[in-house]
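Content type CSV, C-alpha atoms, from the file protein27.csv:
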```csv
chain,number,residue,atom,x,y,z
A,6,MET,CA,-13.3,10.4,1.1
A,7,SER,CA,-14.5,7.5,-1.0
A,8,ALA,CA,-14.0,3.9,0.1
A,9,ALA,CA,-11.3,3.2,-2.5
A,10,PRO,CA,-8.4,5.3,-1.1
A,11,LYS,CA,-9.6,4.8,2.5
A,12,ARG,CA,-7.9,1.4,2.9
A,13,ILE,CA,-4.5,2.8,1.9
A,14,PHE,CA,-5.1,6.0,3.9
A,15,PHE,CA,-5.7,4.2,7.1
A,16,PHE,CA,-2.7,1.9,6.5
A,17,LEU,CA,-0.4,5.0,6.0
A,18,LEU,CA,-2.1,6.9,8.8
A,19,VAL,CA,-1.4,4.1,11.3
A,20,ASN,CA,2.2,3.9,10.1
A,21,PHE,CA,2.6,7.7,10.5
A,22,LEU,CA,1.0,7.8,13.9
A,23,VAL,CA,3.1,5.0,15.4
A,24,PHE,CA,6.3,6.4,13.8
A,25,THR,CA,5.5,9.9,15.0
A,26,THR,CA,4.6,8.7,18.5
A,27,LEU,CA,7.9,6.7,18.8
A,28,ASN,CA,9.8,9.7,17.5
A,29,ILE,CA,8.3,12.1,20.0
A,30,SER,CA,9.0,9.6,22.8
A,31,PHE,CA,12.6,9.3,21.7
A,32,VAL,CA,13.1,13.1,21.6
A,33,ILE,CA,11.7,13.5,25.1
A,34,ILE,CA,13.9,10.7,26.5
A,35,THR,CA,17.1,11.9,24.9
A,36,GLN,CA,16.5,15.6,25.7
A,37,PHE,CA,15.3,15.2,29.3
A,38,PHE,CA,17.0,12.0,30.5
A,39,GLY,CA,20.2,12.2,28.4
A,40,TYR,CA,20.3,8.6,27.1
A,41,GLU,CA,24.0,8.4,26.1
A,42,ALA,CA,23.6,5.5,23.7
A,43,ALA,CA,21.5,7.7,21.4
A,44,SER,CA,24.4,10.2,21.1
A,45,GLU,CA,26.5,7.6,19.3
A,46,TYR,CA,25.9,6.9,15.7
A,47,GLN,CA,25.8,3.2,16.2
A,48,GLY,CA,23.2,3.5,19.0
A,49,LEU,CA,21.3,6.0,17.0
A,50,LEU,CA,21.1,3.6,14.0
A,51,ILE,CA,19.8,0.8,16.3
A,52,TRP,CA,17.1,3.1,17.5
A,53,ALA,CA,16.3,4.2,14.0
A,54,VAL,CA,15.8,0.6,12.9
A,55,VAL,CA,13.5,-0.2,15.9
A,56,ILE,CA,11.4,3.0,15.5
A,57,GLY,CA,11.5,3.1,11.7
A,58,MET,CA,10.2,-0.5,11.4
A,59,GLY,CA,7.7,0.0,14.2
A,60,GLY,CA,5.0,1.9,12.3
A,61,SER,CA,5.1,-0.1,9.2
A,62,MET,CA,5.1,-3.5,10.9
A,63,PHE,CA,2.2,-2.5,13.1
A,64,SER,CA,0.3,-1.3,10.0
A,65,LEU,CA,1.0,-4.7,8.3
A,66,PHE,CA,-0.3,-6.8,11.2
A,67,ALA,CA,-3.4,-4.5,11.5
A,68,SER,CA,-4.1,-4.3,7.8
A,69,LYS,CA,-6.9,-6.9,7.6
A,70,PHE,CA,-8.6,-5.4,10.6
A,71,LEU,CA,-8.3,-1.9,9.3
A,72,ALA,CA,-9.6,-2.8,5.9
A,73,LYS,CA,-12.7,-4.6,7.3
A,74,MET,CA,-13.5,-1.8,9.8
A,75,SER,CA,-12.8,1.2,7.6
A,76,MET,CA,-14.6,-0.2,4.5
A,77,GLY,CA,-17.3,-2.3,6.0
A,78,VAL,CA,-16.2,-5.5,4.3
A,79,LYS,CA,-18.6,-8.4,4.7
A,80,ILE,CA,-16.8,-11.7,4.7
A,81,ILE,CA,-18.4,-14.4,2.6
A,82,ASP,CA,-19.0,-17.8,3.9
A,83,PRO,CA,-17.4,-20.3,1.5
A,84,GLN,CA,-20.6,-22.4,1.9
A,85,SER,CA,-22.9,-19.5,1.0
A,86,MET,CA,-26.1,-20.5,-0.7
A,87,ASP,CA,-26.0,-17.3,-2.8
A,88,SER,CA,-24.8,-18.4,-6.3
A,89,ASN,CA,-22.9,-15.1,-7.0
A,90,GLU,CA,-21.1,-15.2,-3.7
A,91,ARG,CA,-20.2,-18.8,-4.1
A,92,ARG,CA,-18.9,-18.3,-7.6
A,93,LEU,CA,-16.8,-15.3,-6.4
A,94,THR,CA,-15.3,-17.4,-3.6
A,95,GLU,CA,-14.7,-20.4,-5.9
A,96,ARG,CA,-12.9,-18.3,-8.5
A,97,ILE,CA,-10.6,-16.6,-6.0
A,98,HIS,CA,-9.8,-19.9,-4.3
A,99,GLN,CA,-9.1,-21.5,-7.7
A,100,PHE,CA,-6.7,-18.7,-8.6
A,101,ALA,CA,-5.1,-19.0,-5.2
A,102,ARG,CA,-4.4,-22.7,-5.7
A,103,GLN,CA,-3.0,-22.0,-9.2
A,104,ALA,CA,-0.7,-19.3,-7.6
A,105,GLY,CA,0.6,-21.8,-5.1
A,106,LEU,CA,-1.1,-20.5,-2.0
A,107,ARG,CA,-1.4,-23.1,0.8
A,108,LYS,CA,-4.1,-21.3,2.7
A,109,MET,CA,-7.1,-19.8,0.9
A,110,PRO,CA,-7.6,-16.0,1.4
A,111,GLU,CA,-10.8,-14.7,3.0
A,112,VAL,CA,-13.2,-13.3,0.5
A,113,GLY,CA,-15.3,-10.2,1.2
A,114,VAL,CA,-17.6,-7.7,-0.4
A,115,TYR,CA,-18.2,-4.1,0.5
A,116,ASP,CA,-21.0,-1.8,-0.6
A,117,SER,CA,-19.8,0.9,-2.9
A,118,PRO,CA,-20.5,1.9,-6.5
A,119,GLU,CA,-16.8,2.2,-7.3
A,120,ILE,CA,-15.1,-0.3,-9.6
A,121,ASN,CA,-12.5,-1.7,-7.3
A,122,ALA,CA,-10.9,-4.7,-5.6
A,123,PHE,CA,-8.0,-5.1,-3.3
A,124,ALA,CA,-5.9,-7.6,-1.4
A,125,THR,CA,-4.4,-7.2,2.0
A,126,GLY,CA,-3.1,-9.1,5.0
A,127,PRO,CA,0.1,-9.7,7.0
A,128,SER,CA,1.1,-12.8,5.1
A,129,LYS,CA,0.3,-15.2,2.3
A,130,ASN,CA,-1.4,-17.5,4.9
A,131,ASN,CA,-3.4,-14.7,6.4
A,132,SER,CA,-4.9,-12.6,3.6
A,133,LEU,CA,-8.1,-11.0,2.3
A,134,VAL,CA,-9.4,-10.3,-1.2
A,135,ALA,CA,-12.3,-7.9,-1.2
A,136,VAL,CA,-14.3,-6.5,-4.0
A,137,SER,CA,-16.8,-3.6,-4.3
A,138,SER,CA,-20.4,-4.2,-5.1
A,139,GLY,CA,-19.9,-1.9,-8.1
A,140,ILE,CA,-17.3,-4.0,-9.7
A,141,LEU,CA,-19.6,-7.1,-9.6
A,142,THR,CA,-22.1,-5.3,-11.8
A,143,ALA,CA,-19.8,-3.3,-14.0
A,144,LEU,CA,-17.5,-6.2,-15.2
A,145,ASP,CA,-18.4,-9.4,-17.0
A,146,ASN,CA,-17.1,-12.7,-15.8
A,147,ASP,CA,-13.9,-12.7,-17.9
A,148,GLU,CA,-13.0,-9.1,-16.9
A,149,LEU,CA,-13.7,-10.0,-13.2
A,150,ASP,CA,-11.5,-13.1,-13.4
A,151,GLY,CA,-8.7,-10.8,-14.6
A,152,VAL,CA,-9.2,-8.5,-11.6
A,153,LEU,CA,-9.5,-11.4,-9.1
A,154,ALA,CA,-6.3,-13.1,-10.4
A,155,HIS,CA,-4.5,-9.7,-10.2
A,156,GLU,CA,-5.4,-9.4,-6.5
A,157,VAL,CA,-4.4,-13.0,-5.8
A,158,SER,CA,-1.1,-12.4,-7.5
A,159,HIS,CA,-0.4,-9.5,-5.0
A,160,ILE,CA,-0.8,-12.1,-2.2
A,161,ALA,CA,1.3,-14.7,-3.9
A,162,ASN,CA,4.0,-12.2,-4.6
A,163,GLY,CA,4.1,-11.1,-1.0
A,164,ASP,CA,3.5,-7.5,-1.9
A,165,MET,CA,2.1,-6.4,1.4
A,166,VAL,CA,5.2,-7.7,3.2
A,167,THR,CA,7.5,-6.2,0.5
A,168,MET,CA,6.0,-2.8,0.7
A,169,THR,CA,6.0,-2.9,4.5
A,170,LEU,CA,9.7,-3.6,4.5
A,171,ILE,CA,10.4,-0.9,2.0
A,172,GLN,CA,8.4,1.6,4.0
A,173,GLY,CA,10.2,0.5,7.2
A,174,ILE,CA,13.6,1.1,5.5
A,175,ILE,CA,12.5,4.5,4.4
A,176,ASN,CA,11.2,5.3,8.0
A,177,THR,CA,14.6,4.1,9.3
A,178,LEU,CA,16.6,6.3,7.0
A,179,VAL,CA,14.4,9.3,7.6
A,180,PHE,CA,14.8,8.9,11.4
A,181,PHE,CA,18.5,8.5,11.2
A,182,ILE,CA,19.4,11.1,8.5
A,183,ALA,CA,17.1,13.8,10.0
A,184,ARG,CA,19.0,13.6,13.3
A,185,ILE,CA,22.4,13.7,11.6
A,186,ILE,CA,21.4,16.8,9.6
A,187,ALA,CA,19.8,18.4,12.7
A,188,ARG,CA,23.1,18.0,14.7
A,189,VAL,CA,25.0,19.7,11.9
A,190,ILE,CA,22.6,22.6,11.7
A,191,LEU,CA,22.4,23.1,15.5
A,192,GLN,CA,26.0,22.3,16.5
A,193,ASP,CA,27.0,25.9,16.7
A,194,SER,CA,23.6,27.2,17.8
A,195,ASN,CA,23.2,28.7,21.2
A,196,SER,CA,19.5,28.0,21.2
A,197,ARG,CA,19.6,24.2,20.9
A,198,GLY,CA,16.7,23.7,23.3
A,199,PHE,CA,14.0,21.0,23.2
A,200,GLY,CA,11.6,23.2,21.2
A,201,THR,CA,14.1,24.1,18.5
A,202,TYR,CA,15.5,20.6,18.2
A,203,PHE,CA,12.0,19.1,18.0
A,204,MET,CA,10.9,21.5,15.3
A,205,VAL,CA,14.0,21.0,13.2
A,206,ILE,CA,13.7,17.2,13.5
A,207,MET,CA,10.0,17.2,12.5
A,208,GLY,CA,10.6,19.6,9.6
A,209,LEU,CA,13.5,17.5,8.3
A,210,GLN,CA,11.4,14.3,8.6
A,211,ILE,CA,8.5,15.7,6.6
A,212,VAL,CA,10.9,16.7,3.8
A,213,LEU,CA,12.8,13.4,3.8
A,214,SER,CA,9.6,11.4,4.0
A,215,LEU,CA,8.3,13.1,0.9
A,216,LEU,CA,11.5,12.2,-0.9
A,217,GLY,CA,11.3,8.7,0.4
A,218,SER,CA,7.8,8.3,-0.9
A,219,ILE,CA,9.2,8.6,-4.4
A,220,VAL,CA,11.1,5.4,-3.8
A,221,VAL,CA,8.1,3.7,-2.2
A,222,ASN,CA,5.9,4.7,-5.1
A,223,TYR,CA,8.4,3.4,-7.6
A,224,PHE,CA,8.2,-0.1,-6.1
A,225,SER,CA,4.4,0.2,-5.8
A,226,ARG,CA,4.2,0.8,-9.6
A,227,TRP,CA,6.6,-2.1,-10.2
A,228,ARG,CA,4.5,-4.5,-8.1
A,229,GLU,CA,1.4,-3.5,-10.2
A,230,PHE,CA,3.2,-4.7,-13.4
A,231,ARG,CA,4.1,-7.9,-11.6
A,232,ALA,CA,0.5,-8.5,-10.4
A,233,ASP,CA,-0.7,-7.9,-14.0
A,234,ALA,CA,1.8,-10.5,-15.3
A,235,GLY,CA,0.6,-12.9,-12.5
A,236,SER,CA,-3.0,-12.5,-13.5
A,237,ALA,CA,-2.1,-13.1,-17.2
A,238,LYS,CA,-0.4,-16.4,-16.1
A,239,ILE,CA,-3.1,-17.8,-13.9
A,240,ALA,CA,-6.3,-16.4,-15.5
A,241,GLY,CA,-5.2,-15.7,-19.0
A,242,ARG,CA,-3.6,-12.6,-20.7
A,243,ASP,CA,-6.7,-11.7,-22.6
A,244,LYS,CA,-8.8,-11.5,-19.4
A,245,MET,CA,-6.4,-9.1,-17.7
A,246,ILE,CA,-6.2,-7.0,-20.8
A,247,LYS,CA,-10.0,-6.9,-21.1
A,248,ALA,CA,-10.3,-5.9,-17.5
A,249,LEU,CA,-7.8,-3.0,-17.9
A,250,GLN,CA,-9.5,-1.9,-21.1
A,251,ARG,CA,-12.8,-1.8,-19.4
A,252,LEU,CA,-11.3,0.3,-16.6
A,253,GLN,CA,-9.8,2.6,-19.2
A,254,GLN,CA,-13.3,3.1,-20.7
A,255,ASN,CA,-14.6,4.1,-17.3
A,256,THR,CA,-11.8,6.5,-16.6
A,257,ASP,CA,-13.9,9.6,-17.5
A,258,LEU,CA,-16.4,8.5,-14.9
A,259,ILE,CA,-13.8,8.7,-12.1
A,260,ASP,CA,-13.4,11.9,-10.2
A,261,SER,CA,-10.2,13.2,-11.8
A,262,SER,CA,-9.7,15.7,-9.0
A,263,HIS,CA,-8.5,12.9,-6.8
A,264,GLU,CA,-5.9,10.2,-7.6
A,265,SER,CA,-7.3,6.8,-6.6
A,266,MET,CA,-5.0,4.7,-4.5
A,267,ALA,CA,-7.0,1.5,-5.3
A,268,SER,CA,-5.1,-1.2,-7.0
A,269,LEU,CA,-7.1,-1.0,-10.2
A,270,LYS,CA,-9.1,2.3,-10.5
A,271,ILE,CA,-6.3,4.6,-11.5
A,272,SER,CA,-6.3,7.7,-13.6
A,273,ASN,CA,-5.2,7.2,-17.2
A,274,LYS,CA,-4.6,10.9,-17.9
A,275,PRO,CA,-0.9,11.8,-18.5
A,276,GLY,CA,0.8,13.9,-15.9
A,277,GLY,CA,4.0,15.8,-15.5
A,278,LEU,CA,7.2,14.7,-13.8
A,279,MET,CA,5.8,15.3,-10.3
A,280,ALA,CA,2.7,13.3,-11.0
A,281,MET,CA,4.8,10.4,-12.3
A,282,LEU,CA,7.1,10.4,-9.3
A,283,PHE,CA,4.4,10.4,-6.7
A,284,SER,CA,2.0,8.1,-8.5
A,285,THR,CA,1.4,4.7,-6.8
A,286,HIS,CA,0.3,3.1,-10.0
A,287,PRO,CA,1.4,3.0,-13.7
A,288,PRO,CA,-1.0,4.5,-16.3
A,289,LEU,CA,-3.5,2.0,-17.6
A,290,GLU,CA,-2.2,2.5,-21.1
A,291,ASP,CA,1.3,1.4,-20.0
A,292,ARG,CA,-0.1,-1.7,-18.2
A,293,ILE,CA,-2.1,-2.7,-21.2
A,294,LYS,CA,0.8,-2.2,-23.6
A,295,ARG,CA,3.1,-4.3,-21.4
A,296,LEU,CA,0.7,-7.2,-21.4
A,297,GLN,CA,0.1,-7.0,-25.1
A,298,THR,CA,3.8,-7.0,-25.9
A,299,GLY,CA,4.6,-9.7,-23.3
A,300,ARG,CA,7.4,-7.7,-21.6
```
Please, can you express the file's structure as structure tokens?
Amino acid sequence: MSAAPKRIFFFLLVNFLVFTTLNISFVIITQFFGYEAASEYQGLLIWAVVIGMGGSMFSLFASKFLAKMSMGVKIIDPQSMDSNERRLTERIHQFARQAGLRKMPEVGVYDSPEINAFATGPSKNNSLVAVSSGILTALDNDELDGVLAHEVSHIANGDMVTMTLIQGIINTLVFFIARIIARVILQDSNSRGFGTYFMVIMGLQIVLSLLGSIVVNYFSRWREFRADAGSAKIAGRDKMIKALQRLQQNTDLIDSSHESMASLKISNKPGGLMAMLFSTHPPLEDRIKRLQTGR
């Protein structure tokens, strides 16, 4: 797996592992100890909120640590004597001030030939903007400014928190609805043992999670348009358009057998309905057109 999707992969993996662990614990408790509050819909909904938000909130608070560890991000000292590192930090901090951030994000670089940058962190006051070594050589200063301002806009818009809350709501609904459906399916069954109940619950949660990801991906695409607009506002519309056009020119160099989950390096090839529903990012062509028309 390349470094680009690794950050999102680990974020989602932690959410999945925590959510699944809490689910299994809940099933064991209710099946073997007969916790009566869980048998009532109100009690079940309370548990659903607690468990549903658990994985996503843990992923949010661990996001910076996971990004640094999984991608080998080197944090740049703002007082670095390296002129390129100093310029990178100064530009990001300038855009952060223009976007109204009170605390400057950490700035980091990771070694990879990919053309990529990302922003992460649990809050606007505890954030990180990291770029690949590849993007520093592939883009000129104007194009890089567009990319950096795009990532700062993600922070200013509170996108990490927003996506965490959306994922938490989906987790909650998946937890709750899966158990309601399971009760309907197994209410007349004579084999409603722990194994059967567990398998039905897990199967329903997988199906419902896939459906829920369509909603999450819709909001993910929407926040990319917002970040593009934010970049146009604080760095200049022409710079953001230039950055996207350069990425469009490099599309054929990207391995088209894998959809990148990075915030910028996204396939521009048209897909069918399923590809559109499960895509985390809009096509580059649509992003460029929206900036050009000012919508």
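Picture a line from atom CA of A:Lys79 to atom CA of A:Ile120; it runs 16.8 Å.
Computed from the coordinates, the atom CA of A:Gln250 to atom CA of A:Leu153 distance equals 15.3 Å.
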Exercise for review: Fewer than 6 positions away in the same chain doesn't count, so skip those; otherwise give me all residues within 10 Å of A:Ala183, counting all atoms listed in the file, as a PyMOL selection string.
Suggested key: chain A and resi 205-214
Can those selected residues be exported to a file as a CSV table (one decimal), in the frame of the given file so that it contains C-alpha atoms?
```csv
chain,number,residue,atom,x,y,z
A,205,VAL,CA,14.0,21.0,13.2
A,206,ILE,CA,13.7,17.2,13.5
A,207,MET,CA,10.0,17.2,12.5
A,208,GLY,CA,10.6,19.6,9.6
A,209,LEU,CA,13.5,17.5,8.3
A,210,GLN,CA,11.4,14.3,8.6
A,211,ILE,CA,8.5,15.7,6.6
A,212,VAL,CA,10.9,16.7,3.8
A,213,LEU,CA,12.8,13.4,3.8
A,214,SER,CA,9.6,11.4,4.0
```
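Rounded to one decimal, atom CA of A:Ala187 and atom CA of A:Gly59 lie 22.1 Å from each other.
Proximity to A:Asn222 was assessed for A:Asn255, A:Thr169, A:Asn162, A:Ser284 counting all atoms listed in the file; the smallest distance is recorded for A:Ser284.
Between A:Ile186 and the candidates A:Ile246, A:Tyr202, A:Leu133, A:Arg295, the tightest atom-to-atom separation, counting only C-alpha atoms, involves A:Tyr202.
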Exercise for review: Find the residues with any atom within 10 Å of (-16.8, -13.7, 2.0); use only C-alpha atoms and the coordinates as given in the file, and write the answer as a ChimeraX atom specification.
Suggested key: /A:78-85,90-91,93-94,110-115,133-136
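Each of A:Leu50, A:Leu65, A:Leu149, A:Met86 was compared to A:Ser128 using all atoms listed in the file, and A:Leu65 turns out to be the nearest.
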Revision key, fill the gap. Using all atoms listed in the file, the best pick from A:Asp87, A:Asp145, A:Glu229, A:Asp150 as closest to A:Gln99 would be A:Asp150
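Once A:Ala101 and its same-chain neighbours fewer than 4 positions away are set aside, Ile97, Gly105, Leu106, Met109, Pro110, Ala154, Val157 and Ala161 of chain A remain within 8 Å of it when counting all atoms listed in the file.
When all atoms listed in the file are used to compute distances to A:Thr125, the closest of the residues A:Thr177, A:Ser68, A:Ser138, A:Thr298 turns out to be A:Ser68.
In this comparison, which uses all atoms listed in the file, the residue of A:Met165, A:Val152, A:Leu282, A:Leu170 approaching A:Asp233 most closely is A:Val152.
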Practice item. Using all atoms listed in the file, determine which residues lie at most 9 Å from A:Gly173, disregarding the query and same-chain residues fewer than 4 positions distant; provide the list as a ChimeraX atom specification. Key: /A:54,56-62,168-169,177-178
